[in-house]
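Shown below: input.tsv, with TSV, C-alpha atoms.
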chain	number	residue	atom	x	y	z
A	184	MET	CA	-9.28	34.24	-33.70
A	185	GLU	CA	-12.14	31.88	-32.86
A	186	ALA	CA	-9.73	28.92	-32.94
A	187	PHE	CA	-7.53	30.62	-30.35
A	188	THR	CA	-10.53	31.18	-28.10
A	189	ILE	CA	-11.51	27.49	-28.33
A	190	LEU	CA	-7.92	26.42	-27.63
A	191	ALA	CA	-7.74	28.73	-24.61
A	192	GLN	CA	-11.04	27.32	-23.28
A	193	GLU	CA	-9.80	23.76	-23.72
A	194	ALA	CA	-6.52	24.62	-21.97
A	195	ASP	CA	-8.49	26.16	-19.09
A	196	LYS	CA	-10.60	22.99	-18.80
A	197	ALA	CA	-7.48	20.79	-18.76
A	198	ALA	CA	-5.80	22.99	-16.14
A	199	ALA	CA	-8.95	22.93	-13.99
A	200	ALA	CA	-9.14	19.13	-14.25
A	201	ALA	CA	-5.46	18.74	-13.33
A	202	SER	CA	-5.69	21.08	-10.34
A	203	SER	CA	-8.91	19.39	-9.16
A	204	ALA	CA	-7.22	16.01	-9.45
A	205	GLY	CA	-4.19	17.22	-7.48
A	206	PHE	CA	-6.48	18.74	-4.86
A	207	ALA	CA	-8.42	15.46	-4.53
A	208	TYR	CA	-5.18	13.48	-4.20
A	209	GLY	CA	-3.84	15.85	-1.55
A	210	LEU	CA	-7.09	15.71	0.43
A	211	ALA	CA	-7.18	11.93	0.17
A	212	ALA	CA	-3.66	11.66	1.59
A	213	ILE	CA	-4.36	13.80	4.68
A	214	GLY	CA	-6.79	11.40	6.39
A	215	PRO	CA	-4.65	8.26	6.02
A	216	GLY	CA	-1.60	10.29	7.12
A	217	ILE	CA	-3.34	11.22	10.36
A	218	GLY	CA	-4.64	7.66	10.72
A	219	ILE	CA	-1.23	6.07	10.24
A	220	GLY	CA	0.39	8.51	12.66
A	221	TYR	CA	-2.20	7.73	15.32
A	222	LEU	CA	-2.01	3.97	14.66
A	223	VAL	CA	1.78	3.79	14.86
A	224	GLY	CA	1.92	6.11	17.87
A	225	LYS	CA	-0.45	3.86	19.80
A	226	SER	CA	1.44	0.75	18.64
A	227	VAL	CA	4.76	2.16	19.87
A	228	GLU	CA	3.07	2.99	23.17
A	229	ALA	CA	1.74	-0.58	23.40
A	230	MET	CA	5.18	-2.04	22.61
A	231	ALA	CA	6.73	0.17	25.29
A	232	ARG	CA	4.16	-0.98	27.86
A	233	GLN	CA	4.34	-4.66	26.97
A	234	PRO	CA	7.54	-5.57	25.10
A	235	GLU	CA	6.56	-9.25	25.18
A	236	ALA	CA	3.56	-8.40	22.98
A	237	ALA	CA	5.70	-6.59	20.39
A	238	GLY	CA	5.21	-9.31	17.78
A	239	MET	CA	1.45	-9.26	18.05
A	240	VAL	CA	1.35	-5.46	18.07
A	241	ARG	CA	3.60	-5.25	15.01
A	242	THR	CA	1.40	-7.74	13.14
A	243	THR	CA	-1.72	-5.72	13.89
A	244	MET	CA	0.07	-2.44	13.17
A	245	PHE	CA	1.34	-3.59	9.78
A	246	LEU	CA	-2.09	-4.76	8.67
A	247	GLY	CA	-3.69	-1.58	10.01
A	248	ILE	CA	-1.20	0.54	8.08
A	249	ALA	CA	-1.94	-1.38	4.88
A	250	PHE	CA	-5.71	-0.99	5.32
A	251	THR	CA	-5.37	2.73	6.07
A	252	GLU	CA	-3.21	3.17	2.98
A	253	ALA	CA	-5.99	1.70	0.89
A	254	LEU	CA	-7.85	5.00	1.49
A	255	ALA	CA	-4.94	6.96	0.04
A	256	LEU	CA	-4.84	4.58	-2.91
A	257	ILE	CA	-8.52	5.23	-3.58
A	258	GLY	CA	-7.68	8.95	-3.70
A	259	PHE	CA	-4.83	8.18	-6.07
A	260	VAL	CA	-7.14	6.25	-8.37
A	261	VAL	CA	-9.59	9.17	-8.43
A	262	PHE	CA	-6.61	11.36	-9.28
A	263	ILE	CA	-5.60	9.25	-12.27
A	264	LEU	CA	-9.18	8.80	-13.46
A	265	ILE	CA	-10.08	12.50	-13.32
A	266	GLY	CA	-7.04	13.04	-15.46
A	267	LEU	CA	-3.55	14.34	-15.02
B	98	MET	CA	15.09	-1.04	29.56
B	99	THR	CA	16.06	0.78	26.38
B	100	THR	CA	13.93	0.79	23.29
B	101	SER	CA	16.41	-1.43	21.49
B	102	ASP	CA	15.91	-4.14	24.14
B	103	MET	CA	12.22	-4.42	23.26
B	104	SER	CA	12.67	-6.39	20.08
B	105	THR	CA	12.93	-10.12	20.64
B	106	PRO	CA	15.56	-12.23	18.87
B	107	GLU	CA	13.00	-14.38	17.03
B	108	LEU	CA	11.39	-11.25	15.55
B	109	ASP	CA	14.70	-9.88	14.33
B	110	ASP	CA	15.68	-13.16	12.68
B	111	ASN	CA	12.43	-13.43	10.75
B	112	PRO	CA	10.58	-10.10	10.72
B	113	ILE	CA	6.82	-10.45	10.95
B	114	GLU	CA	6.11	-7.73	8.38
B	115	VAL	CA	8.34	-9.39	5.80
B	116	ARG	CA	6.68	-12.77	6.36
B	117	ILE	CA	3.21	-11.26	6.01
B	118	SER	CA	4.01	-9.23	2.89
B	119	LEU	CA	5.82	-12.14	1.23
B	120	ASP	CA	2.77	-14.27	1.94
B	121	MET	CA	0.52	-11.62	0.37
B	122	VAL	CA	2.76	-11.37	-2.69
B	123	LYS	CA	2.76	-15.16	-3.01
B	124	ARG	CA	-1.04	-15.22	-2.96
B	125	GLY	CA	-1.09	-12.29	-5.36
B	126	ILE	CA	1.10	-14.18	-7.82
B	127	TYR	CA	-1.35	-17.11	-7.66
B	128	VAL	CA	-4.27	-14.89	-8.71
B	129	THR	CA	-2.33	-12.70	-11.17
B	130	PRO	CA	-3.47	-14.63	-14.29
B	131	LEU	CA	-7.08	-14.43	-13.14
B	132	ILE	CA	-6.91	-10.67	-12.49
B	133	ILE	CA	-5.21	-10.05	-15.84
B	134	ALA	CA	-7.84	-12.15	-17.62
B	135	VAL	CA	-10.69	-10.29	-15.89
B	136	ALA	CA	-9.11	-6.91	-16.78
B	137	ALA	CA	-8.64	-8.02	-20.39
B	138	MET	CA	-12.35	-8.74	-20.81
B	139	PRO	CA	-13.69	-5.16	-20.83
B	140	TRP	CA	-10.46	-3.27	-21.62
B	141	GLY	CA	-8.63	-5.68	-23.96
B	142	GLY	CA	-4.84	-5.79	-24.32
B	143	PRO	CA	-4.19	-2.42	-22.64
B	144	GLY	CA	-6.37	-3.57	-19.75
B	145	ALA	CA	-4.33	-6.74	-19.29
B	146	LEU	CA	-1.01	-4.87	-19.41
B	147	SER	CA	-2.29	-2.17	-17.07
B	148	ALA	CA	-3.51	-4.81	-14.62
B	149	ALA	CA	-0.08	-6.48	-14.67
B	150	PHE	CA	1.59	-3.11	-14.08
B	151	ALA	CA	-0.83	-2.30	-11.23
B	152	LEU	CA	-0.17	-5.69	-9.59
B	153	GLY	CA	3.56	-5.00	-9.78
B	154	LEU	CA	3.00	-1.64	-8.06
B	155	VAL	CA	0.93	-3.27	-5.30
B	156	PHE	CA	3.54	-6.01	-4.70
B	157	VAL	CA	6.40	-3.49	-4.55
B	158	ASN	CA	4.32	-1.33	-2.22
B	159	PHE	CA	3.75	-4.21	0.23
B	160	LEU	CA	7.38	-5.36	0.14
B	161	LEU	CA	8.78	-1.85	0.54
B	162	ALA	CA	6.45	-1.15	3.49
B	163	ALA	CA	7.57	-4.35	5.20
B	164	ALA	CA	11.25	-3.70	4.54
B	165	LEU	CA	11.01	-0.17	5.95
B	166	VAL	CA	9.13	-1.18	9.13
B	167	SER	CA	11.27	-4.23	9.86
B	168	GLY	CA	14.50	-2.34	9.13
B	169	ALA	CA	13.46	0.46	11.48
B	170	ALA	CA	12.28	-1.98	14.17
B	171	LYS	CA	15.78	-3.51	14.29
B	172	ILE	CA	17.18	-0.12	15.24
B	173	SER	CA	14.55	1.27	17.63
B	174	THR	CA	10.81	1.46	18.20
B	175	ALA	CA	10.90	5.24	17.91
B	176	LEU	CA	12.37	4.94	14.44
B	177	VAL	CA	9.42	2.73	13.44
B	178	MET	CA	7.19	5.78	13.67
B	179	ALA	CA	9.43	7.93	11.49
B	180	ALA	CA	10.01	5.14	8.99
B	181	THR	CA	6.29	4.41	8.72
B	182	LEU	CA	5.21	8.02	8.17
B	183	PHE	CA	8.01	8.96	5.79
B	184	GLY	CA	7.75	5.54	4.17
B	185	TYR	CA	4.08	6.28	3.49
B	186	LEU	CA	5.00	9.53	1.73
B	187	ILE	CA	7.87	7.91	-0.17
B	188	ARG	CA	5.69	5.02	-1.37
B	189	LEU	CA	2.86	7.31	-2.49
B	190	GLY	CA	5.46	9.36	-4.32
B	191	LEU	CA	6.91	6.27	-5.98
B	192	ILE	CA	3.47	5.17	-7.16
B	193	LEU	CA	2.88	8.65	-8.56
B	194	VAL	CA	6.25	8.65	-10.36
B	195	ALA	CA	5.58	5.16	-11.74
B	196	PHE	CA	2.23	6.36	-13.07
B	197	LEU	CA	3.68	9.57	-14.54
B	198	LEU	CA	6.29	7.52	-16.39
B	199	VAL	CA	3.67	5.42	-18.19
B	200	ARG	CA	0.65	7.74	-18.37
B	201	ASP	CA	1.11	8.56	-22.05
B	202	ALA	CA	1.97	5.02	-23.11
B	203	SER	CA	-0.38	3.49	-25.64
B	204	TRP	CA	-0.76	0.29	-23.59
B	205	ILE	CA	-2.14	2.02	-20.49
B	206	SER	CA	-5.81	1.80	-19.61
B	207	ARG	CA	-6.44	4.13	-16.67
B	208	PRO	CA	-9.68	2.51	-15.44
B	209	ALA	CA	-8.01	-0.93	-15.49
B	210	LEU	CA	-4.97	0.42	-13.65
B	211	GLY	CA	-7.05	2.12	-10.98
B	212	ALA	CA	-9.48	-0.73	-10.47
B	213	THR	CA	-6.68	-3.30	-10.22
B	214	ILE	CA	-4.74	-1.22	-7.67
B	215	ILE	CA	-7.75	-0.89	-5.37
B	216	VAL	CA	-9.18	-4.38	-5.77
B	217	SER	CA	-5.85	-6.21	-5.49
B	218	HIS	CA	-4.61	-4.14	-2.53
B	219	ILE	CA	-7.78	-4.57	-0.46
B	220	GLY	CA	-8.44	-8.10	-1.71
B	221	LEU	CA	-4.98	-9.38	-0.80
B	222	LEU	CA	-5.19	-7.78	2.64
B	223	VAL	CA	-8.59	-9.28	3.40
B	224	TRP	CA	-7.43	-12.67	2.10
B	225	GLU	CA	-4.30	-12.48	4.27
B	226	LEU	CA	-6.39	-11.89	7.40
B	227	LYS	CA	-7.40	-15.56	7.25
B	228	TYR	CA	-3.77	-16.59	7.71
B	229	VAL	CA	-2.71	-14.12	10.38
B	230	ALA	CA	-2.64	-15.00	14.04
B	231	ILE	CA	-3.26	-12.15	16.43
B	232	SER	CA	-1.98	-13.95	19.51
B	233	LEU	CA	1.04	-13.76	21.77
B	234	ALA	CA	1.84	-17.40	21.05
B	235	HIS	CA	2.07	-17.06	17.26
B	236	ALA	CA	2.76	-13.50	16.25
B	237	GLY	CA	2.59	-13.13	12.48
B	238	LEU	CA	1.34	-16.02	10.39
B	239	LYS	CA	-0.59	-18.92	11.85
B	240	PRO	CA	1.49	-22.09	12.19
B	241	ALA	CA	0.96	-24.63	9.41
B	242	ARG	CA	-1.22	-27.63	10.18
B	243	PRO	CA	0.75	-30.85	10.71

Encoding of this model in structure tokens:
Amino acid sequence: MEAFTILAQEADKAAAAASSAGFAYGLAAIGPGIGIGYLVGKSVEAMARQPEAAGMVRTTMFLGIAFTEALALIGFVVFILIGL
Amino acid sequence: MTTSDMSTPELDDNPIEVRISLDMVKRGIYVTPLIIAVAAMPWGGPGALSAAFALGLVFVNFLLAAALVSGAAKISTALVMAATLFGYLIRLGLILVAFLLVRDASWISRPALGATIIVSHIGLLVWELKYVAISLAHAGLKPARP
């Protein structure tokens, strides 16, 4: 009986860790999602205003996207370190 | 002017995103042995293999992002927005799937995997900034010195 109780407690701990990790990953993806949406929206606006600057805007946009995604990757790393 | 007229012929022939990400991957390949060696020091063999796997994920992530943006830019600027946002979700999902596939493997070291993903992603981006020209004259990479 005691063994079952210990097993149930361990299972609860594992489930709590997995749901916390998923929650952290989800939260970490929200901010970069908003950031990328804003960044690309403004870039499209800039390209529409000045088509001749499209190359420069796309360069900046691509690097901005990659830097913003780094935040999501940090969330992902926390997710895999907390445990899945 | 329609949105499809906004892309210039020289951009379509050699997309900027593809040039930048290929350049980052090239630099990443140069430092791959160093990163693997550094990861192997504290985490041993699993650390080295995890670092190699993480570098592969980062390279695929850069190349896929570039392919999606440049492919969408050829069609229309409005599609760039959709491709970028959905591409972001797709790429995060792919990284998750890649991790889930190997999470129980004996050769995986989670700290090495995580550290390599973050350090190589940010490191390659910062390194690439040295070689990027933010000017109307040379969009994309800076021209090589004669």

A:Met239, A:Leu254, A:Ala229, A:Ile189: which is nearest chain B, counting only C-alpha atoms?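 Of all the options, A:Met239 lies closest to chain B.
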
Distance-based interface of chain B with chain A, 8 Å, counting all atoms listed in the file, as a short mmCIF file (atom, residue, chain, number, x, y, z; two decimals) with C-alpha atoms, in the coordinates of the input:
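See part-v8.cif below for the written result:
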data_model
loop_
_atom_site.label_atom_id
_atom_site.label_comp_id
_atom_site.auth_asym_id
_atom_site.auth_seq_id
_atom_site.Cartn_x
_atom_site.Cartn_y
_atom_site.Cartn_z
CA THR B 100 13.93 0.79 23.29
CA MET B 103 12.22 -4.42 23.26
CA SER B 104 12.67 -6.39 20.08
CA THR B 105 12.93 -10.12 20.64
CA LEU B 108 11.39 -11.25 15.55
CA ILE B 113 6.82 -10.45 10.95
CA GLU B 114 6.11 -7.73 8.38
CA PHE B 159 3.75 -4.21 0.23
CA ALA B 163 7.57 -4.35 5.20
CA THR B 174 10.81 1.46 18.20
CA ALA B 175 10.90 5.24 17.91
CA VAL B 177 9.42 2.73 13.44
CA MET B 178 7.19 5.78 13.67
CA THR B 181 6.29 4.41 8.72
CA LEU B 182 5.21 8.02 8.17
CA TYR B 185 4.08 6.28 3.49
CA ARG B 207 -6.44 4.13 -16.67
CA PRO B 208 -9.68 2.51 -15.44
CA GLY B 211 -7.05 2.12 -10.98
CA ALA B 212 -9.48 -0.73 -10.47
CA ILE B 214 -4.74 -1.22 -7.67
CA ILE B 215 -7.75 -0.89 -5.37
CA HIS B 218 -4.61 -4.14 -2.53
CA ILE B 219 -7.78 -4.57 -0.46
CA LEU B 222 -5.19 -7.78 2.64
CA ILE B 231 -3.26 -12.15 16.43
CA SER B 232 -1.98 -13.95 19.51
CA LEU B 233 1.04 -13.76 21.77
CA HIS B 235 2.07 -17.06 17.26
CA ALA B 236 2.76 -13.50 16.25
CA GLY B 237 2.59 -13.13 12.48
#

Atomic separation - CA of Phe156 in chain B relative to CA of Tyr228 in chain B, Å: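 Separating CA of Tyr228 in chain B from CA of Phe156 in chain B is a distance of 17.9 Å.
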
Calculated over all atoms listed in the file, which of the candidates B:Gly141, B:Pro130, B:Gly153, B:Pro240 has the smallest distance to Ala209 in chain B? B:Gly141

Which of these residues is nearest to Tyr208 in chain A, using all atoms listed in the file: B:Ala179, B:Val216, B:Leu189, B:Ala195?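 Counting all atoms listed in the file, the residue closest to Tyr208 in chain A is B:Leu189.
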